[in-house]
$ cat protein.txt   # compact mmCIF, N, CA and C atoms
# COMPACT_ATOMS: atom_id res chain seq x y z
N MET A 23 38.35 63.24 -19.71
CA MET A 23 38.76 63.59 -21.06
C MET A 23 40.24 63.94 -21.07
N ALA A 24 40.92 63.52 -22.13
CA ALA A 24 42.37 63.75 -22.24
C ALA A 24 42.64 65.20 -22.62
N LYS A 25 43.76 65.70 -22.13
CA LYS A 25 44.18 67.06 -22.46
C LYS A 25 44.80 67.09 -23.86
N GLU A 26 44.88 68.27 -24.42
CA GLU A 26 45.49 68.47 -25.73
C GLU A 26 46.94 68.92 -25.61
N TYR A 27 47.43 69.07 -24.40
CA TYR A 27 48.79 69.55 -24.19
C TYR A 27 49.37 68.92 -22.93
N ILE A 28 50.71 68.99 -22.81
CA ILE A 28 51.39 68.51 -21.62
C ILE A 28 52.21 69.66 -21.05
N LEU A 29 52.14 69.83 -19.76
CA LEU A 29 52.85 70.94 -19.12
C LEU A 29 54.34 70.63 -19.01
N LEU A 30 55.16 71.61 -19.38
CA LEU A 30 56.60 71.47 -19.19
C LEU A 30 57.02 71.97 -17.81
N LYS A 31 56.38 73.04 -17.38
CA LYS A 31 56.65 73.61 -16.06
C LYS A 31 55.33 74.09 -15.49
N GLU A 32 55.27 74.09 -14.17
CA GLU A 32 54.08 74.63 -13.52
C GLU A 32 53.98 76.14 -13.79
N LYS A 33 52.82 76.67 -13.67
CA LYS A 33 52.59 78.08 -13.94
C LYS A 33 53.43 78.94 -12.99
N THR A 34 54.09 79.93 -13.58
CA THR A 34 54.88 80.88 -12.81
C THR A 34 54.36 82.27 -13.08
N ASP A 35 55.03 83.28 -12.51
CA ASP A 35 54.64 84.66 -12.78
C ASP A 35 54.79 85.01 -14.26
N SER A 36 55.72 84.34 -14.93
CA SER A 36 55.96 84.60 -16.35
C SER A 36 54.92 83.96 -17.25
N GLY A 37 54.24 82.93 -16.76
CA GLY A 37 53.22 82.27 -17.57
C GLY A 37 53.31 80.76 -17.48
N LEU A 38 52.74 80.11 -18.47
CA LEU A 38 52.62 78.67 -18.51
C LEU A 38 53.34 78.16 -19.75
N ILE A 39 54.12 77.08 -19.61
CA ILE A 39 54.81 76.48 -20.75
C ILE A 39 54.25 75.09 -20.96
N ALA A 40 53.71 74.83 -22.16
CA ALA A 40 53.12 73.54 -22.46
C ALA A 40 53.35 73.21 -23.93
N LEU A 41 53.32 71.90 -24.25
CA LEU A 41 53.45 71.43 -25.63
C LEU A 41 52.15 70.77 -26.06
N ASN A 42 51.66 71.14 -27.24
CA ASN A 42 50.47 70.54 -27.80
C ASN A 42 50.80 69.11 -28.24
N LYS A 43 49.81 68.24 -28.24
CA LYS A 43 50.08 66.86 -28.62
C LYS A 43 50.48 66.71 -30.09
N SER A 44 50.20 67.70 -30.92
CA SER A 44 50.63 67.64 -32.32
C SER A 44 52.16 67.67 -32.44
N VAL A 45 52.83 68.25 -31.45
CA VAL A 45 54.30 68.24 -31.43
C VAL A 45 54.80 66.80 -31.35
N PHE A 46 54.17 65.99 -30.51
CA PHE A 46 54.58 64.60 -30.35
C PHE A 46 54.24 63.77 -31.58
N GLU A 47 53.13 64.09 -32.24
CA GLU A 47 52.78 63.41 -33.49
C GLU A 47 53.86 63.66 -34.54
N SER A 48 54.35 64.87 -34.63
CA SER A 48 55.40 65.20 -35.59
C SER A 48 56.70 64.45 -35.28
N ILE A 49 57.04 64.35 -34.00
CA ILE A 49 58.25 63.63 -33.61
C ILE A 49 58.12 62.15 -33.95
N VAL A 50 56.93 61.57 -33.77
CA VAL A 50 56.71 60.17 -34.12
C VAL A 50 56.88 59.98 -35.62
N GLU A 51 56.34 60.88 -36.44
CA GLU A 51 56.48 60.78 -37.89
C GLU A 51 57.95 60.82 -38.30
N ILE A 52 58.71 61.70 -37.70
CA ILE A 52 60.14 61.78 -37.99
C ILE A 52 60.84 60.48 -37.61
N SER A 53 60.46 59.93 -36.47
CA SER A 53 61.05 58.67 -35.99
C SER A 53 60.74 57.52 -36.95
N GLU A 54 59.51 57.47 -37.46
CA GLU A 54 59.13 56.43 -38.42
C GLU A 54 59.99 56.51 -39.67
N ASP A 55 60.25 57.72 -40.14
CA ASP A 55 61.04 57.91 -41.35
C ASP A 55 62.50 57.49 -41.17
N GLU A 56 62.96 57.41 -39.94
CA GLU A 56 64.34 57.04 -39.66
C GLU A 56 64.58 55.53 -39.65
N ILE A 57 63.51 54.73 -39.68
CA ILE A 57 63.63 53.26 -39.67
C ILE A 57 63.26 52.77 -41.08
N ASP A 58 64.23 52.15 -41.77
CA ASP A 58 64.03 51.74 -43.17
C ASP A 58 62.90 50.74 -43.37
N GLU A 59 62.70 49.83 -42.42
CA GLU A 59 61.70 48.77 -42.58
C GLU A 59 60.28 49.23 -42.32
N VAL A 60 60.10 50.46 -41.87
CA VAL A 60 58.77 50.98 -41.54
C VAL A 60 58.23 51.79 -42.71
N VAL A 61 56.99 51.52 -43.08
CA VAL A 61 56.29 52.29 -44.10
C VAL A 61 55.19 53.06 -43.38
N ARG A 62 55.36 54.38 -43.32
CA ARG A 62 54.42 55.21 -42.57
C ARG A 62 53.06 55.24 -43.26
N ILE A 63 52.01 55.18 -42.46
CA ILE A 63 50.64 55.31 -42.95
C ILE A 63 50.28 56.79 -42.86
N ASN A 64 49.89 57.37 -43.97
CA ASN A 64 49.54 58.79 -43.98
C ASN A 64 48.15 59.01 -43.38
N SER A 65 48.01 60.12 -42.70
CA SER A 65 46.72 60.48 -42.10
C SER A 65 45.75 60.91 -43.18
N SER A 66 44.50 60.60 -42.94
CA SER A 66 43.42 61.09 -43.79
C SER A 66 42.26 61.42 -42.87
N ARG A 67 41.17 61.84 -43.45
CA ARG A 67 40.04 62.15 -42.58
C ARG A 67 39.41 60.89 -42.00
N PHE A 68 39.77 59.71 -42.57
CA PHE A 68 39.23 58.45 -42.07
C PHE A 68 40.21 57.70 -41.15
N THR A 69 41.50 57.95 -41.33
CA THR A 69 42.49 57.23 -40.53
C THR A 69 43.40 58.21 -39.81
N LYS A 70 43.73 57.86 -38.60
CA LYS A 70 44.67 58.63 -37.80
C LYS A 70 45.65 57.61 -37.21
N PRO A 71 46.76 57.37 -37.92
CA PRO A 71 47.67 56.30 -37.51
C PRO A 71 48.47 56.59 -36.24
N ILE A 72 48.53 57.83 -35.83
CA ILE A 72 49.26 58.18 -34.60
C ILE A 72 48.27 58.77 -33.61
N GLN A 73 48.13 58.09 -32.48
CA GLN A 73 47.25 58.58 -31.43
C GLN A 73 48.11 58.98 -30.24
N VAL A 74 47.95 60.22 -29.82
CA VAL A 74 48.68 60.74 -28.66
C VAL A 74 47.65 61.10 -27.61
N LYS A 75 47.81 60.53 -26.43
CA LYS A 75 46.92 60.84 -25.32
C LYS A 75 47.76 61.34 -24.16
N ILE A 76 47.25 62.36 -23.50
CA ILE A 76 47.91 62.91 -22.33
C ILE A 76 46.93 62.76 -21.17
N LEU A 77 47.26 61.84 -20.28
CA LEU A 77 46.40 61.56 -19.13
C LEU A 77 47.21 61.79 -17.86
N LYS A 78 46.69 62.65 -16.99
CA LYS A 78 47.38 63.00 -15.74
C LYS A 78 48.81 63.46 -16.01
N ASN A 79 48.96 64.25 -17.06
CA ASN A 79 50.24 64.82 -17.47
C ASN A 79 51.28 63.75 -17.84
N GLN A 80 50.79 62.58 -18.27
CA GLN A 80 51.66 61.52 -18.76
C GLN A 80 51.34 61.25 -20.22
N LEU A 81 52.38 60.96 -20.99
CA LEU A 81 52.27 60.82 -22.43
C LEU A 81 52.11 59.35 -22.83
N HIS A 82 51.02 59.06 -23.57
CA HIS A 82 50.75 57.71 -24.07
C HIS A 82 50.63 57.81 -25.59
N ILE A 83 51.39 56.96 -26.30
CA ILE A 83 51.43 57.02 -27.76
C ILE A 83 51.10 55.65 -28.33
N SER A 84 50.27 55.65 -29.38
CA SER A 84 49.95 54.43 -30.11
C SER A 84 50.16 54.73 -31.60
N VAL A 85 50.90 53.84 -32.29
CA VAL A 85 51.26 54.09 -33.68
C VAL A 85 50.88 52.89 -34.54
N ASP A 86 50.10 53.12 -35.59
CA ASP A 86 49.79 52.10 -36.58
C ASP A 86 50.81 52.22 -37.70
N VAL A 87 51.45 51.10 -38.07
CA VAL A 87 52.47 51.14 -39.11
C VAL A 87 52.34 49.95 -40.04
N ASN A 88 52.89 50.10 -41.23
CA ASN A 88 53.10 49.00 -42.16
C ASN A 88 54.59 48.69 -42.11
N PHE A 89 54.92 47.41 -42.22
CA PHE A 89 56.33 47.01 -42.29
C PHE A 89 56.62 46.51 -43.69
N LYS A 90 57.85 46.66 -44.11
CA LYS A 90 58.27 46.08 -45.38
C LYS A 90 58.26 44.57 -45.24
N PHE A 91 57.81 43.90 -46.32
CA PHE A 91 57.72 42.44 -46.32
C PHE A 91 59.08 41.83 -46.00
N GLY A 92 59.08 40.84 -45.13
CA GLY A 92 60.31 40.16 -44.75
C GLY A 92 60.99 40.75 -43.52
N SER A 93 60.46 41.83 -42.97
CA SER A 93 61.06 42.45 -41.79
C SER A 93 60.79 41.61 -40.55
N ASN A 94 61.71 41.65 -39.61
CA ASN A 94 61.53 41.00 -38.32
C ASN A 94 60.66 41.92 -37.47
N VAL A 95 59.40 41.56 -37.32
CA VAL A 95 58.42 42.42 -36.66
C VAL A 95 58.83 42.78 -35.24
N SER A 96 59.27 41.81 -34.49
CA SER A 96 59.65 42.05 -33.10
C SER A 96 60.83 43.01 -33.00
N LEU A 97 61.86 42.76 -33.79
CA LEU A 97 63.07 43.59 -33.75
C LEU A 97 62.79 45.02 -34.23
N VAL A 98 62.07 45.14 -35.34
CA VAL A 98 61.79 46.47 -35.90
C VAL A 98 60.85 47.26 -34.99
N SER A 99 59.87 46.59 -34.39
CA SER A 99 58.96 47.26 -33.46
C SER A 99 59.72 47.82 -32.27
N LYS A 100 60.63 47.03 -31.74
CA LYS A 100 61.44 47.47 -30.60
C LYS A 100 62.33 48.65 -30.99
N ARG A 101 62.94 48.58 -32.18
CA ARG A 101 63.77 49.70 -32.66
C ARG A 101 62.95 50.97 -32.82
N LEU A 102 61.72 50.83 -33.34
CA LEU A 102 60.85 52.00 -33.52
C LEU A 102 60.44 52.58 -32.17
N GLN A 103 60.07 51.72 -31.23
CA GLN A 103 59.73 52.20 -29.88
C GLN A 103 60.90 52.97 -29.27
N THR A 104 62.09 52.41 -29.38
CA THR A 104 63.28 53.06 -28.83
C THR A 104 63.55 54.38 -29.51
N LYS A 105 63.42 54.43 -30.84
CA LYS A 105 63.67 55.66 -31.60
C LYS A 105 62.67 56.74 -31.19
N ILE A 106 61.40 56.39 -31.08
CA ILE A 106 60.37 57.36 -30.67
C ILE A 106 60.68 57.88 -29.27
N TYR A 107 60.98 56.97 -28.35
CA TYR A 107 61.28 57.36 -26.97
C TYR A 107 62.47 58.32 -26.92
N GLU A 108 63.56 57.95 -27.60
CA GLU A 108 64.78 58.77 -27.58
C GLU A 108 64.54 60.13 -28.22
N ASN A 109 63.83 60.18 -29.34
CA ASN A 109 63.59 61.45 -30.03
C ASN A 109 62.71 62.38 -29.19
N ILE A 110 61.69 61.83 -28.54
CA ILE A 110 60.84 62.67 -27.68
C ILE A 110 61.63 63.17 -26.49
N LEU A 111 62.39 62.28 -25.86
CA LEU A 111 63.19 62.68 -24.71
C LEU A 111 64.21 63.74 -25.08
N GLN A 112 64.89 63.54 -26.20
CA GLN A 112 65.91 64.50 -26.65
C GLN A 112 65.29 65.86 -27.03
N SER A 113 64.14 65.83 -27.66
CA SER A 113 63.52 67.07 -28.15
C SER A 113 62.78 67.84 -27.07
N THR A 114 62.17 67.13 -26.11
CA THR A 114 61.28 67.79 -25.16
C THR A 114 61.64 67.57 -23.69
N ASN A 115 62.55 66.64 -23.44
CA ASN A 115 62.93 66.25 -22.08
C ASN A 115 61.75 65.61 -21.33
N ILE A 116 60.84 64.99 -22.08
CA ILE A 116 59.69 64.28 -21.52
C ILE A 116 59.86 62.79 -21.82
N LYS A 117 59.63 61.95 -20.81
CA LYS A 117 59.71 60.51 -20.97
C LYS A 117 58.30 59.96 -21.19
N PRO A 118 58.03 59.42 -22.39
CA PRO A 118 56.71 58.83 -22.63
C PRO A 118 56.44 57.68 -21.65
N SER A 119 55.22 57.59 -21.17
CA SER A 119 54.83 56.52 -20.25
C SER A 119 54.58 55.21 -20.99
N GLU A 120 54.09 55.33 -22.24
CA GLU A 120 53.72 54.14 -23.00
C GLU A 120 53.86 54.44 -24.49
N ILE A 121 54.47 53.49 -25.22
CA ILE A 121 54.54 53.57 -26.68
C ILE A 121 54.11 52.22 -27.22
N THR A 122 52.99 52.20 -27.93
CA THR A 122 52.45 50.97 -28.49
C THR A 122 52.59 51.00 -30.00
N ILE A 123 53.14 49.93 -30.57
CA ILE A 123 53.29 49.80 -32.01
C ILE A 123 52.28 48.77 -32.49
N ASN A 124 51.39 49.16 -33.41
CA ASN A 124 50.38 48.27 -33.98
C ASN A 124 50.73 48.00 -35.44
N VAL A 125 51.03 46.75 -35.76
CA VAL A 125 51.37 46.37 -37.13
C VAL A 125 50.06 46.17 -37.89
N VAL A 126 49.85 47.00 -38.91
CA VAL A 126 48.61 46.95 -39.68
C VAL A 126 48.73 45.99 -40.86
N SER A 127 49.86 46.09 -41.60
CA SER A 127 50.05 45.23 -42.75
C SER A 127 51.51 45.23 -43.17
N PHE A 128 51.78 44.50 -44.24
CA PHE A 128 53.13 44.46 -44.81
C PHE A 128 53.09 45.00 -46.22
N SER A 129 54.16 45.69 -46.62
CA SER A 129 54.26 46.26 -47.96
C SER A 129 55.47 45.68 -48.67
N ILE A 130 55.38 45.63 -49.96
CA ILE A 130 56.50 45.13 -50.76
C ILE A 130 57.47 46.24 -51.05

$ encode --input "protein.txt" --output "structure tokens"
Amino acid sequence: MAKEYILLKEKTDSGLIALNKSVFESIVEISEDEIDEVVRINSSRFTKPIQVKILKNQLHISVDVNFKFGSNVSLVSKRLQTKIYENILQSTNIKPSEITINVVSFSI
């Protein structure tokens, strides 16, 4: 079973430092908003467009997105992957092991 958090440092006398996976979900949402061609899919009780898994203390991210009609899917997907990677690295100093972009549909 996947963990709900990722360790930043091993346990010391002062305690344990870890980040919940919801932190990474928020960073992904911010990253999506920074790319004009991406239309973010909002979460509901039926859909969860951002899946964050932490396996063996490694971060795996899968994102379902809509693209604006006429967008270059390959180019925009790569830009979004890069933006997510850079924002997570800059914010947490953690390098995601995997970032998967799933194109669900196109919007006008």

$ closest_residue --input "protein.txt" --among "A:Val61, A:Ile121, A:Ile39, A:Leu29" --to "Thr104 in chain A" --atoms "only C-alpha atoms"
A:Ile121

$ closest_residue --input "protein.txt" --among "A:Ile116, A:Val60, A:Val50, A:Val74" --to "Asn94 in chain A" --atoms "only C-alpha atoms"
A:Val60

$ closest_residue --input "protein.txt" --among "A:Leu111, A:Ile49, A:Ile63, A:Val125" --to "Val98 in chain A" --atoms "only C-alpha atoms"
A:Val125

$ closest_residue --input "protein.txt" --among "A:Ser36, A:Ser96, A:Ser113, A:Ser119" --to "Leu77 in chain A" --atoms "only C-alpha atoms"
A:Ser119

$ closest_residue --input "protein.txt" --among "A:Ile28, A:Phe128, A:Leu97, A:Val87" --to "Asn42 in chain A" --atoms "all atoms listed in the file"
A:Ile28

$ closest_residue --input "protein.txt" --among "A:Leu30, A:Leu81, A:Leu102, A:Ile123" --to "Lys43 in chain A" --atoms "only C-alpha atoms"
A:Leu81

$ residues_around --input "protein.txt" --residues "Ser127 in chain A" --least-positions-apart "5" --cutoff "8 Å" --atoms "only N, CA and C atoms" --output "PyMOL selection string"
chain A and resi 86-91

$ atom_distance --input "protein.txt" --atom1 "CA of Ile76 in chain A" --atom2 "atom C of Gln112 in chain A"
18.2 Å

$ atom_distance --input "protein.txt" --atom1 "atom C of Glu56 in chain A" --atom2 "atom N of Ile106 in chain A"
9.2 Å

$ atom_distance --input "protein.txt" --atom1 "CA of Ser53 in chain A" --atom2 "CA of Pro71 in chain A"
13.7 Å

$ select_by_dssp --input "protein.txt" --residues "range 46-111 of chain A" --states "helix (DSSP H, G or I)" --output "ChimeraX atom specification"
/A:46-55,95-111

$ write_last_selection --input "protein.txt" --atoms "N, CA and C atoms" --output "mmCIF file, in the coordinates of the input"
data_model
loop_
_atom_site.group_PDB
_atom_site.id
_atom_site.type_symbol
_atom_site.label_atom_id
_atom_site.label_comp_id
_atom_site.auth_asym_id
_atom_site.auth_seq_id
_atom_site.Cartn_x
_atom_site.Cartn_y
_atom_site.Cartn_z
ATOM 1 N N PHE A 46 54.170 65.990 -30.510
ATOM 2 C CA PHE A 46 54.580 64.600 -30.350
ATOM 3 C C PHE A 46 54.240 63.770 -31.580
ATOM 4 N N GLU A 47 53.130 64.090 -32.240
ATOM 5 C CA GLU A 47 52.780 63.410 -33.490
ATOM 6 C C GLU A 47 53.860 63.660 -34.540
ATOM 7 N N SER A 48 54.350 64.870 -34.630
ATOM 8 C CA SER A 48 55.400 65.200 -35.590
ATOM 9 C C SER A 48 56.700 64.450 -35.280
ATOM 10 N N ILE A 49 57.040 64.350 -34.000
ATOM 11 C CA ILE A 49 58.250 63.630 -33.610
ATOM 12 C C ILE A 49 58.120 62.150 -33.950
ATOM 13 N N VAL A 50 56.930 61.570 -33.770
ATOM 14 C CA VAL A 50 56.710 60.170 -34.120
ATOM 15 C C VAL A 50 56.880 59.980 -35.620
ATOM 16 N N GLU A 51 56.340 60.880 -36.440
ATOM 17 C CA GLU A 51 56.480 60.780 -37.890
ATOM 18 C C GLU A 51 57.950 60.820 -38.300
ATOM 19 N N ILE A 52 58.710 61.700 -37.700
ATOM 20 C CA ILE A 52 60.140 61.780 -37.990
ATOM 21 C C ILE A 52 60.840 60.480 -37.610
ATOM 22 N N SER A 53 60.460 59.930 -36.470
ATOM 23 C CA SER A 53 61.050 58.670 -35.990
ATOM 24 C C SER A 53 60.740 57.520 -36.950
ATOM 25 N N GLU A 54 59.510 57.470 -37.460
ATOM 26 C CA GLU A 54 59.130 56.430 -38.420
ATOM 27 C C GLU A 54 59.990 56.510 -39.670
ATOM 28 N N ASP A 55 60.250 57.720 -40.140
ATOM 29 C CA ASP A 55 61.040 57.910 -41.350
ATOM 30 C C ASP A 55 62.500 57.490 -41.170
ATOM 31 N N VAL A 95 59.400 41.560 -37.320
ATOM 32 C CA VAL A 95 58.420 42.420 -36.660
ATOM 33 C C VAL A 95 58.830 42.780 -35.240
ATOM 34 N N SER A 96 59.270 41.810 -34.490
ATOM 35 C CA SER A 96 59.650 42.050 -33.100
ATOM 36 C C SER A 96 60.830 43.010 -33.000
ATOM 37 N N LEU A 97 61.860 42.760 -33.790
ATOM 38 C CA LEU A 97 63.070 43.590 -33.750
ATOM 39 C C LEU A 97 62.790 45.020 -34.230
ATOM 40 N N VAL A 98 62.070 45.140 -35.340
ATOM 41 C CA VAL A 98 61.790 46.470 -35.900
ATOM 42 C C VAL A 98 60.850 47.260 -34.990
ATOM 43 N N SER A 99 59.870 46.590 -34.390
ATOM 44 C CA SER A 99 58.960 47.260 -33.460
ATOM 45 C C SER A 99 59.720 47.820 -32.270
ATOM 46 N N LYS A 100 60.630 47.030 -31.740
ATOM 47 C CA LYS A 100 61.440 47.470 -30.600
ATOM 48 C C LYS A 100 62.330 48.650 -30.990
ATOM 49 N N ARG A 101 62.940 48.580 -32.180
ATOM 50 C CA ARG A 101 63.770 49.700 -32.660
ATOM 51 C C ARG A 101 62.950 50.970 -32.820
ATOM 52 N N LEU A 102 61.720 50.830 -33.340
ATOM 53 C CA LEU A 102 60.850 52.000 -33.520
ATOM 54 C C LEU A 102 60.440 52.580 -32.170
ATOM 55 N N GLN A 103 60.070 51.720 -31.230
ATOM 56 C CA GLN A 103 59.730 52.200 -29.880
ATOM 57 C C GLN A 103 60.900 52.970 -29.270
ATOM 58 N N THR A 104 62.090 52.410 -29.380
ATOM 59 C CA THR A 104 63.280 53.060 -28.830
ATOM 60 C C THR A 104 63.550 54.380 -29.510
ATOM 61 N N LYS A 105 63.420 54.430 -30.840
ATOM 62 C CA LYS A 105 63.670 55.660 -31.600
ATOM 63 C C LYS A 105 62.670 56.740 -31.190
ATOM 64 N N ILE A 106 61.400 56.390 -31.080
ATOM 65 C CA ILE A 106 60.370 57.360 -30.670
ATOM 66 C C ILE A 106 60.680 57.880 -29.270
ATOM 67 N N TYR A 107 60.980 56.970 -28.350
ATOM 68 C CA TYR A 107 61.280 57.360 -26.970
ATOM 69 C C TYR A 107 62.470 58.320 -26.920
ATOM 70 N N GLU A 108 63.560 57.950 -27.600
ATOM 71 C CA GLU A 108 64.780 58.770 -27.580
ATOM 72 C C GLU A 108 64.540 60.130 -28.220
ATOM 73 N N ASN A 109 63.830 60.180 -29.340
ATOM 74 C CA ASN A 109 63.590 61.450 -30.030
ATOM 75 C C ASN A 109 62.710 62.380 -29.190
ATOM 76 N N ILE A 110 61.690 61.830 -28.540
ATOM 77 C CA ILE A 110 60.840 62.670 -27.680
ATOM 78 C C ILE A 110 61.630 63.170 -26.490
ATOM 79 N N LEU A 111 62.390 62.280 -25.860
ATOM 80 C CA LEU A 111 63.190 62.680 -24.710
ATOM 81 C C LEU A 111 64.210 63.740 -25.080
#

$ select_by_dssp --input "protein.txt" --residues "range 67-106 of chain A" --states "strand (DSSP E or B)" --output "ChimeraX atom specification"
/A:72-77,80-90

$ write_last_selection --input "protein.txt" --atoms "N, CA and C atoms" --output "PDB file, keeping the file's coordinate frame"
ATOM      1  N   ILE A  72      48.530  57.830 -35.830  1.00  0.00           N
ATOM      2  CA  ILE A  72      49.260  58.180 -34.600  1.00  0.00           C
ATOM      3  C   ILE A  72      48.270  58.770 -33.610  1.00  0.00           C
ATOM      4  N   GLN A  73      48.130  58.090 -32.480  1.00  0.00           N
ATOM      5  CA  GLN A  73      47.250  58.580 -31.430  1.00  0.00           C
ATOM      6  C   GLN A  73      48.110  58.980 -30.240  1.00  0.00           C
ATOM      7  N   VAL A  74      47.950  60.220 -29.820  1.00  0.00           N
ATOM      8  CA  VAL A  74      48.680  60.740 -28.660  1.00  0.00           C
ATOM      9  C   VAL A  74      47.650  61.100 -27.610  1.00  0.00           C
ATOM     10  N   LYS A  75      47.810  60.530 -26.430  1.00  0.00           N
ATOM     11  CA  LYS A  75      46.920  60.840 -25.320  1.00  0.00           C
ATOM     12  C   LYS A  75      47.760  61.340 -24.160  1.00  0.00           C
ATOM     13  N   ILE A  76      47.250  62.360 -23.500  1.00  0.00           N
ATOM     14  CA  ILE A  76      47.910  62.910 -22.330  1.00  0.00           C
ATOM     15  C   ILE A  76      46.930  62.760 -21.170  1.00  0.00           C
ATOM     16  N   LEU A  77      47.260  61.840 -20.280  1.00  0.00           N
ATOM     17  CA  LEU A  77      46.400  61.560 -19.130  1.00  0.00           C
ATOM     18  C   LEU A  77      47.210  61.790 -17.860  1.00  0.00           C
ATOM     19  N   GLN A  80      50.790  62.580 -18.270  1.00  0.00           N
ATOM     20  CA  GLN A  80      51.660  61.520 -18.760  1.00  0.00           C
ATOM     21  C   GLN A  80      51.340  61.250 -20.220  1.00  0.00           C
ATOM     22  N   LEU A  81      52.380  60.960 -20.990  1.00  0.00           N
ATOM     23  CA  LEU A  81      52.270  60.820 -22.430  1.00  0.00           C
ATOM     24  C   LEU A  81      52.110  59.350 -22.830  1.00  0.00           C
ATOM     25  N   HIS A  82      51.020  59.060 -23.570  1.00  0.00           N
ATOM     26  CA  HIS A  82      50.750  57.710 -24.070  1.00  0.00           C
ATOM     27  C   HIS A  82      50.630  57.810 -25.590  1.00  0.00           C
ATOM     28  N   ILE A  83      51.390  56.960 -26.300  1.00  0.00           N
ATOM     29  CA  ILE A  83      51.430  57.020 -27.760  1.00  0.00           C
ATOM     30  C   ILE A  83      51.100  55.650 -28.330  1.00  0.00           C
ATOM     31  N   SER A  84      50.270  55.650 -29.380  1.00  0.00           N
ATOM     32  CA  SER A  84      49.950  54.430 -30.110  1.00  0.00           C
ATOM     33  C   SER A  84      50.160  54.730 -31.600  1.00  0.00           C
ATOM     34  N   VAL A  85      50.900  53.840 -32.290  1.00  0.00           N
ATOM     35  CA  VAL A  85      51.260  54.090 -33.680  1.00  0.00           C
ATOM     36  C   VAL A  85      50.880  52.890 -34.540  1.00  0.00           C
ATOM     37  N   ASP A  86      50.100  53.120 -35.590  1.00  0.00           N
ATOM     38  CA  ASP A  86      49.790  52.100 -36.580  1.00  0.00           C
ATOM     39  C   ASP A  86      50.810  52.220 -37.700  1.00  0.00           C
ATOM     40  N   VAL A  87      51.450  51.100 -38.070  1.00  0.00           N
ATOM     41  CA  VAL A  87      52.470  51.140 -39.110  1.00  0.00           C
ATOM     42  C   VAL A  87      52.340  49.950 -40.040  1.00  0.00           C
ATOM     43  N   ASN A  88      52.890  50.100 -41.230  1.00  0.00           N
ATOM     44  CA  ASN A  88      53.100  49.000 -42.160  1.00  0.00           C
ATOM     45  C   ASN A  88      54.590  48.690 -42.110  1.00  0.00           C
ATOM     46  N   PHE A  89      54.920  47.410 -42.220  1.00  0.00           N
ATOM     47  CA  PHE A  89      56.330  47.010 -42.290  1.00  0.00           C
ATOM     48  C   PHE A  89      56.620  46.510 -43.690  1.00  0.00           C
ATOM     49  N   LYS A  90      57.850  46.660 -44.110  1.00  0.00           N
ATOM     50  CA  LYS A  90      58.270  46.080 -45.380  1.00  0.00           C
ATOM     51  C   LYS A  90      58.260  44.570 -45.240  1.00  0.00           C
TER      52      LYS A  90
END

$ residues_around --input "protein.txt" --residues "Lys70 in chain A" --least-positions-apart "3" --cutoff "8 Å" --atoms "only N, CA and C atoms" --output "number ranges by chain"
A: 63-67, 73, 84-86

$ decode --input "protein.txt" --residues "range 119-128 of chain A" --atoms "N, CA, C and O atoms" --output "PDB file, in the first residue's frame"
ATOM      1  N   SER A 119       9.836  10.982  -9.466  1.00  0.00           N
ATOM      2  CA  SER A 119      10.340   9.852 -10.248  1.00  0.00           C
ATOM      3  C   SER A 119       9.600   9.714 -11.570  1.00  0.00           C
ATOM      4  O   SER A 119      10.160   9.263 -12.559  1.00  0.00           O
ATOM      5  N   GLU A 120       8.314  10.087 -11.567  1.00  0.00           N
ATOM      6  CA  GLU A 120       7.482   9.906 -12.754  1.00  0.00           C
ATOM      7  C   GLU A 120       6.379  10.947 -12.763  1.00  0.00           C
ATOM      8  O   GLU A 120       5.728  11.188 -11.740  1.00  0.00           O
ATOM      9  N   ILE A 121       6.166  11.567 -13.934  1.00  0.00           N
ATOM     10  CA  ILE A 121       5.045  12.490 -14.128  1.00  0.00           C
ATOM     11  C   ILE A 121       4.359  12.083 -15.423  1.00  0.00           C
ATOM     12  O   ILE A 121       4.944  12.167 -16.498  1.00  0.00           O
ATOM     13  N   THR A 122       3.115  11.632 -15.315  1.00  0.00           N
ATOM     14  CA  THR A 122       2.348  11.185 -16.472  1.00  0.00           C
ATOM     15  C   THR A 122       1.224  12.174 -16.737  1.00  0.00           C
ATOM     16  O   THR A 122       0.469  12.519 -15.824  1.00  0.00           O
ATOM     17  N   ILE A 123       1.108  12.614 -17.989  1.00  0.00           N
ATOM     18  CA  ILE A 123       0.049  13.521 -18.396  1.00  0.00           C
ATOM     19  C   ILE A 123      -0.946  12.730 -19.238  1.00  0.00           C
ATOM     20  O   ILE A 123      -0.576  12.141 -20.259  1.00  0.00           O
ATOM     21  N   ASN A 124      -2.215  12.691 -18.821  1.00  0.00           N
ATOM     22  CA  ASN A 124      -3.270  11.993 -19.548  1.00  0.00           C
ATOM     23  C   ASN A 124      -4.226  13.022 -20.144  1.00  0.00           C
ATOM     24  O   ASN A 124      -4.885  13.755 -19.406  1.00  0.00           O
ATOM     25  N   VAL A 125      -4.296  13.080 -21.466  1.00  0.00           N
ATOM     26  CA  VAL A 125      -5.187  14.016 -22.138  1.00  0.00           C
ATOM     27  C   VAL A 125      -6.578  13.392 -22.176  1.00  0.00           C
ATOM     28  O   VAL A 125      -6.778  12.331 -22.764  1.00  0.00           O
ATOM     29  N   VAL A 126      -7.530  14.052 -21.512  1.00  0.00           N
ATOM     30  CA  VAL A 126      -8.887  13.527 -21.415  1.00  0.00           C
ATOM     31  C   VAL A 126      -9.754  14.034 -22.562  1.00  0.00           C
ATOM     32  O   VAL A 126     -10.482  13.282 -23.191  1.00  0.00           O
ATOM     33  N   SER A 127      -9.662  15.346 -22.849  1.00  0.00           N
ATOM     34  CA  SER A 127     -10.467  15.912 -23.920  1.00  0.00           C
ATOM     35  C   SER A 127      -9.919  17.276 -24.322  1.00  0.00           C
ATOM     36  O   SER A 127      -8.923  17.746 -23.770  1.00  0.00           O
ATOM     37  N   PHE A 128     -10.611  17.893 -25.266  1.00  0.00           N
ATOM     38  CA  PHE A 128     -10.254  19.239 -25.709  1.00  0.00           C
ATOM     39  C   PHE A 128     -11.412  20.175 -25.427  1.00  0.00           C
ATOM     40  O   PHE A 128     -12.567  19.791 -25.514  1.00  0.00           O
TER      41      PHE A 128
END
